[in-house]
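What follows is the content of final_39.cif, which has mmCIF, C-alpha atoms:
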data_entry
loop_
_atom_site.group_PDB
_atom_site.id
_atom_site.type_symbol
_atom_site.label_atom_id
_atom_site.label_comp_id
_atom_site.auth_asym_id
_atom_site.auth_seq_id
_atom_site.Cartn_x
_atom_site.Cartn_y
_atom_site.Cartn_z
ATOM 1 C CA MET I 150 15.755 32.449 26.280
ATOM 2 C CA ASP I 151 15.090 28.848 25.379
ATOM 3 C CA LYS I 152 12.074 26.617 24.975
ATOM 4 C CA ARG I 153 12.588 24.935 28.350
ATOM 5 C CA SER I 154 12.256 28.201 30.312
ATOM 6 C CA GLN I 155 9.259 29.167 28.214
ATOM 7 C CA MET I 156 7.608 25.818 28.962
ATOM 8 C CA ARG I 157 8.255 26.288 32.688
ATOM 9 C CA GLU I 158 6.738 29.769 32.624
ATOM 10 C CA LEU I 159 3.695 28.651 30.622
ATOM 11 C CA THR I 160 3.159 25.655 32.900
ATOM 12 C CA ALA I 161 3.342 27.863 35.991
ATOM 13 C CA PHE I 162 0.901 30.333 34.434
ATOM 14 C CA ASP I 163 -1.555 27.592 33.434
ATOM 15 C CA GLU I 164 -1.434 25.956 36.871
ATOM 16 C CA LYS I 165 -2.450 29.108 38.743
ATOM 17 C CA LYS I 166 -5.777 28.467 40.383
ATOM 18 C CA HIS I 167 -8.638 30.759 39.527
ATOM 19 C CA SER I 168 -11.240 28.918 41.570
ATOM 20 C CA THR I 169 -12.844 32.041 43.034
ATOM 21 C CA LEU I 170 -13.318 33.571 39.606
ATOM 22 C CA ALA I 171 -14.687 30.289 38.227
ATOM 23 C CA PHE I 172 -17.140 29.985 41.120
ATOM 24 C CA LEU I 173 -18.334 33.571 40.736
ATOM 25 C CA SER I 174 -18.766 33.057 36.988
ATOM 26 C CA ALA I 175 -20.871 29.937 37.610
ATOM 27 C CA VAL I 176 -23.052 31.802 40.112
ATOM 28 C CA PHE I 177 -23.425 34.695 37.670
ATOM 29 C CA VAL I 178 -24.470 32.330 34.861
ATOM 30 C CA GLY I 179 -27.115 30.804 37.137
ATOM 31 C CA LEU I 180 -28.454 34.220 38.088
ATOM 32 C CA MET I 181 -28.565 35.347 34.458
ATOM 33 C CA PHE I 182 -30.407 32.169 33.432
ATOM 34 C CA PHE I 183 -33.142 32.666 36.030
ATOM 35 C CA SER I 184 -33.302 36.405 35.349
ATOM 36 C CA SER I 185 -33.963 35.845 31.678
ATOM 37 C CA GLU I 186 -36.375 32.945 32.318
ATOM 38 C CA TYR I 187 -38.561 35.095 34.590
ATOM 39 C CA ASN I 188 -38.204 38.137 32.284
ATOM 40 C CA TRP I 189 -36.412 40.195 34.910
ATOM 41 C CA LEU I 190 -33.727 41.011 32.340
ATOM 42 C CA SER I 191 -33.978 41.163 28.576
ATOM 43 C CA PRO I 192 -31.863 38.822 26.426
ATOM 44 C CA VAL I 193 -29.909 41.832 25.150
ATOM 45 C CA THR I 194 -28.955 42.835 28.708
ATOM 46 C CA VAL I 195 -27.893 39.265 29.479
ATOM 47 C CA MET I 196 -25.743 39.228 26.323
ATOM 48 C CA CYS I 197 -24.066 42.517 27.236
ATOM 49 C CA LEU I 198 -23.363 41.307 30.760
ATOM 50 C CA SER I 199 -21.941 38.030 29.430
ATOM 51 C CA VAL I 200 -19.498 39.986 27.245
ATOM 52 C CA VAL I 201 -18.315 41.942 30.279
ATOM 53 C CA VAL I 202 -17.916 38.743 32.305
ATOM 54 C CA SER I 203 -15.855 37.104 29.541
ATOM 55 C CA LEU I 204 -13.248 39.882 29.484
ATOM 56 C CA PRO I 205 -11.082 38.388 32.310
ATOM 57 C CA ASP I 206 -10.744 35.211 30.258
ATOM 58 C CA PHE I 207 -9.539 37.254 27.297
ATOM 59 C CA ARG I 208 -7.073 39.007 29.592
ATOM 60 C CA LYS I 209 -5.708 35.650 30.697
ATOM 61 C CA ALA I 210 -5.354 34.488 27.065
ATOM 62 C CA TRP I 211 -3.647 37.788 26.182
ATOM 63 C CA ARG I 212 -1.147 37.377 29.045
ATOM 64 C CA ARG I 213 -0.436 33.796 27.979
ATOM 65 C CA GLU I 214 0.252 34.913 24.409
ATOM 66 C CA ASN I 215 2.567 37.640 25.726
ATOM 67 C CA ILE I 216 4.600 34.972 27.535
ATOM 68 C CA LYS I 217 4.965 33.138 24.237
ATOM 69 C CA LYS I 218 5.748 36.343 22.372
ATOM 70 C CA GLN I 219 8.639 37.364 24.625
ATOM 71 C CA TYR I 220 10.548 34.181 23.744
ATOM 72 C CA LEU I 221 10.127 34.488 19.975
ATOM 73 C CA THR I 222 13.003 35.738 17.834
ATOM 74 C CA SER I 223 11.221 36.276 14.497
ATOM 75 C CA GLN I 224 9.395 39.601 14.109
ATOM 76 C CA GLU I 225 6.870 37.998 11.775
ATOM 77 C CA ALA I 226 6.074 35.354 14.409
ATOM 78 C CA LYS I 227 5.607 38.078 17.054
ATOM 79 C CA ARG I 228 3.205 39.932 14.769
ATOM 80 C CA LEU I 229 1.271 36.763 14.050
ATOM 81 C CA VAL I 230 0.875 35.948 17.767
ATOM 82 C CA HIS I 231 -0.427 39.468 18.355
ATOM 83 C CA LEU I 232 -2.776 39.219 15.351
ATOM 84 C CA ASN I 233 -4.149 35.899 16.622
ATOM 85 C CA SER I 234 -4.964 37.472 20.007
ATOM 86 C CA ILE I 235 -6.672 40.441 18.353
ATOM 87 C CA PHE I 236 -8.646 38.108 16.072
ATOM 88 C CA GLY I 237 -9.911 36.197 19.114
ATOM 89 C CA LEU I 238 -11.099 39.399 20.756
ATOM 90 C CA ALA I 239 -12.621 40.741 17.529
ATOM 91 C CA SER I 240 -14.611 37.548 16.973
ATOM 92 C CA LEU I 241 -16.489 38.009 20.268
ATOM 93 C CA PRO I 242 -19.140 40.352 18.754
ATOM 94 C CA LEU I 243 -19.859 37.757 16.063
ATOM 95 C CA ILE I 244 -20.414 35.069 18.684
ATOM 96 C CA VAL I 245 -22.673 37.404 20.654
ATOM 97 C CA LEU I 246 -24.640 38.188 17.490
ATOM 98 C CA TRP I 247 -24.924 34.464 16.725
ATOM 99 C CA VAL I 248 -26.355 33.709 20.184
ATOM 100 C CA TYR I 249 -28.613 36.800 20.015
ATOM 101 C CA THR I 250 -30.173 35.551 16.768
ATOM 102 C CA LEU I 251 -31.130 32.323 18.530
ATOM 103 C CA LEU I 252 -32.543 34.121 21.576
ATOM 104 C CA THR I 253 -34.707 36.380 19.421
ATOM 105 C CA ASP I 254 -35.884 33.495 17.190
ATOM 106 C CA MET I 255 -34.230 34.871 14.059
ATOM 107 C CA ILE I 256 -32.734 31.411 13.384
ATOM 108 C CA SER I 257 -33.849 27.923 14.317
ATOM 109 C CA LEU I 258 -32.113 25.730 16.854
ATOM 110 C CA GLN I 259 -30.948 23.401 14.071
ATOM 111 C CA THR I 260 -29.327 26.286 12.182
ATOM 112 C CA PHE I 261 -27.738 27.483 15.411
ATOM 113 C CA ALA I 262 -26.303 24.006 16.048
ATOM 114 C CA LEU I 263 -25.014 23.636 12.478
ATOM 115 C CA ILE I 264 -23.303 27.020 12.604
ATOM 116 C CA GLY I 265 -21.805 26.104 15.981
ATOM 117 C CA LEU I 266 -20.491 22.734 14.804
ATOM 118 C CA GLY I 267 -19.096 24.255 11.620
ATOM 119 C CA GLY I 268 -17.435 27.070 13.528
ATOM 120 C CA TYR I 269 -15.957 24.625 16.031
ATOM 121 C CA ALA I 270 -14.519 22.437 13.266
ATOM 122 C CA LEU I 271 -13.084 25.488 11.482
ATOM 123 C CA SER I 272 -11.522 26.803 14.693
ATOM 124 C CA ILE I 273 -9.779 23.468 15.329
ATOM 125 C CA LEU I 274 -8.461 23.432 11.762
ATOM 126 C CA GLU I 275 -7.355 27.070 12.005
ATOM 127 C CA HIS I 276 -5.532 26.455 15.287
ATOM 128 C CA ARG I 277 -3.640 23.461 13.891
ATOM 129 C CA LEU I 278 -2.613 25.385 10.780
ATOM 130 C CA TYR I 279 -1.624 28.377 12.930
ATOM 131 C CA GLU I 280 0.600 26.274 15.199
ATOM 132 C CA ARG I 281 2.189 24.446 12.264
ATOM 133 C CA HIS I 282 2.982 27.780 10.612
ATOM 134 C CA MET I 283 4.338 29.264 13.857
ATOM 135 C CA VAL I 284 6.681 26.299 14.387
ATOM 136 C CA ARG I 285 8.074 26.884 10.888
ATOM 137 C CA LEU I 286 8.470 30.621 11.498
ATOM 138 C CA ASP I 287 10.327 30.444 14.789
ATOM 139 C CA ASP I 288 12.212 27.635 16.507
ATOM 140 C CA ASN I 289 11.347 29.058 19.946
ATOM 141 C CA TYR I 290 7.586 28.693 19.483
ATOM 142 C CA VAL I 291 6.117 26.123 21.872
ATOM 143 C CA SER I 292 3.063 24.388 20.447
ATOM 144 C CA GLU I 293 0.255 23.158 22.667
ATOM 145 C CA ALA I 294 1.143 19.560 21.761
ATOM 146 C CA GLU I 295 4.736 20.072 22.964
ATOM 147 C CA LEU I 296 3.530 21.718 26.147
ATOM 148 C CA LYS I 297 1.057 18.907 26.797
ATOM 149 C CA GLU I 298 3.807 16.311 26.281
ATOM 150 C CA GLU I 299 6.123 18.144 28.671
ATOM 151 C CA ARG I 300 3.394 18.324 31.313
ATOM 152 C CA LYS I 301 2.692 14.631 30.864
ATOM 153 C CA TRP I 302 6.291 13.642 31.578
ATOM 154 C CA GLY I 303 6.869 16.384 34.134
ATOM 155 C CA SER I 304 10.195 17.551 32.775
ATOM 156 C CA ALA I 305 9.122 21.160 32.337
#

Step by step, read the file and then write its structure as structure tokens.
Amino acid sequence: MDKRSQMRELTAFDEKKHSTLAFLSAVFVGLMFFSSEYNWLSPVTVMCLSVVVSLPDFRKAWRRENIKKQYLTSQEAKRLVHLNSIFGLASLPLIVLWVYTLLTDMISLQTFALIGLGGYALSILEHRLYERHMVRLDDNYVSEAELKEERKWGSA
């Protein structure tokens, strides 16, 4: 089990087309927007439905992490990959709560934007630190930068 086979498997997984699911999600978002604008559905119902709709994306991310995990040799690296996936799923209620506070006017739009920008910057920093640590833990870990480079040159 080497990095080259892992890169091939990850590339094949990432290139699978999910156009039907993307189209249905876009239609659903449009319907939810108009439903909440005309008060056909409450903001809480729209939030709950959006959580349900986001679950296939989490499933895809979980499957992608499992591909990475099967090539790792270090037990600590395997645990960390699993913990990162769980952390992503566990942070969903916080994001829903953050959006709910905006919809119910508990926070201003400026506060919402500042929290969003801060969270985005922190997530980029966290992801870079995570990948740097994973590369040190296990030689078989393929970082996103390596995968992007391989896709660019087409050798994977």

By how many Å are CA of Leu243 in chain I and CA of Met196 in chain I apart?
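So the two atoms, CA of Leu243 in chain I and CA of Met196 in chain I, lie 11.9 Å apart.
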
Using all atoms listed in the file, which protein or nucleic acid residues come within 12 Å of Ile264 in chain I? Drop anything in the same chain fewer than 3 positions from it, and give the result as a list in words.
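Here the answer would be Leu243, Ile244, Trp247, Val248, Thr250, Leu251, Ile256, Ser257, Leu258, Gln259, Thr260, Phe261, Gly267, Gly268, Tyr269, Ala270, Leu271 and Ser272 of chain I.
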
Pick out the residues sitting within 8 Å of range 290-301 of chain I, and hand them over as a list in words; count only C-alpha atoms, and ignore anything fewer than 6 positions along from it in its own chain.
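In the requested form, the answer reads Lys152, Gln155, Met156, Thr160, Lys217, Tyr220, Leu221, Glu280, Met283 and Val284 of chain I.
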
Suppose a student applies the PyMOL selection byres ((chain I and resi 163) around 12) to this structure; what residues should they get, written as a list of chain:residue names?
I:Met156, I:Arg157, I:Glu158, I:Leu159, I:Thr160, I:Ala161, I:Phe162, I:Glu164, I:Lys165, I:Lys166, I:His167, I:Lys209, I:Ala210, I:Arg212, I:Arg213, I:Glu214, I:Ile216, I:Glu293, I:Leu296, I:Lys297, I:Arg300

Could you write out the selected residues, including C-alpha atoms, as a short mmCIF file (atom, residue, chain, number, x, y, z; two decimals), in the coordinates of the input?
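Dumped everything to part-v2.cif:
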data_model
loop_
_atom_site.label_atom_id
_atom_site.label_comp_id
_atom_site.auth_asym_id
_atom_site.auth_seq_id
_atom_site.Cartn_x
_atom_site.Cartn_y
_atom_site.Cartn_z
CA MET I 156 7.61 25.82 28.96
CA ARG I 157 8.26 26.29 32.69
CA GLU I 158 6.74 29.77 32.62
CA LEU I 159 3.70 28.65 30.62
CA THR I 160 3.16 25.66 32.90
CA ALA I 161 3.34 27.86 35.99
CA PHE I 162 0.90 30.33 34.43
CA GLU I 164 -1.43 25.96 36.87
CA LYS I 165 -2.45 29.11 38.74
CA LYS I 166 -5.78 28.47 40.38
CA HIS I 167 -8.64 30.76 39.53
CA LYS I 209 -5.71 35.65 30.70
CA ALA I 210 -5.35 34.49 27.06
CA ARG I 212 -1.15 37.38 29.04
CA ARG I 213 -0.44 33.80 27.98
CA GLU I 214 0.25 34.91 24.41
CA ILE I 216 4.60 34.97 27.54
CA GLU I 293 0.26 23.16 22.67
CA LEU I 296 3.53 21.72 26.15
CA LYS I 297 1.06 18.91 26.80
CA ARG I 300 3.39 18.32 31.31
#

When the PyMOL selection byres ((chain I and resi 226) around 10) is applied to the file above, which residues end up in the set, as a count of residues only?
20

Go ahead and compute the interatomic distance for CA of Leu190 in chain I and CA of Val245 in chain I, in Å to one decimal.
16.5 Å

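CA of Tyr279 in chain I is found 16.4 Å from CA of Ser240 in chain I.
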
Between I:Met181, I:Met255, I:Ala262, I:Arg277, smallest distance to Cys197 in chain I by all atoms listed in the file belongs to I:Met181
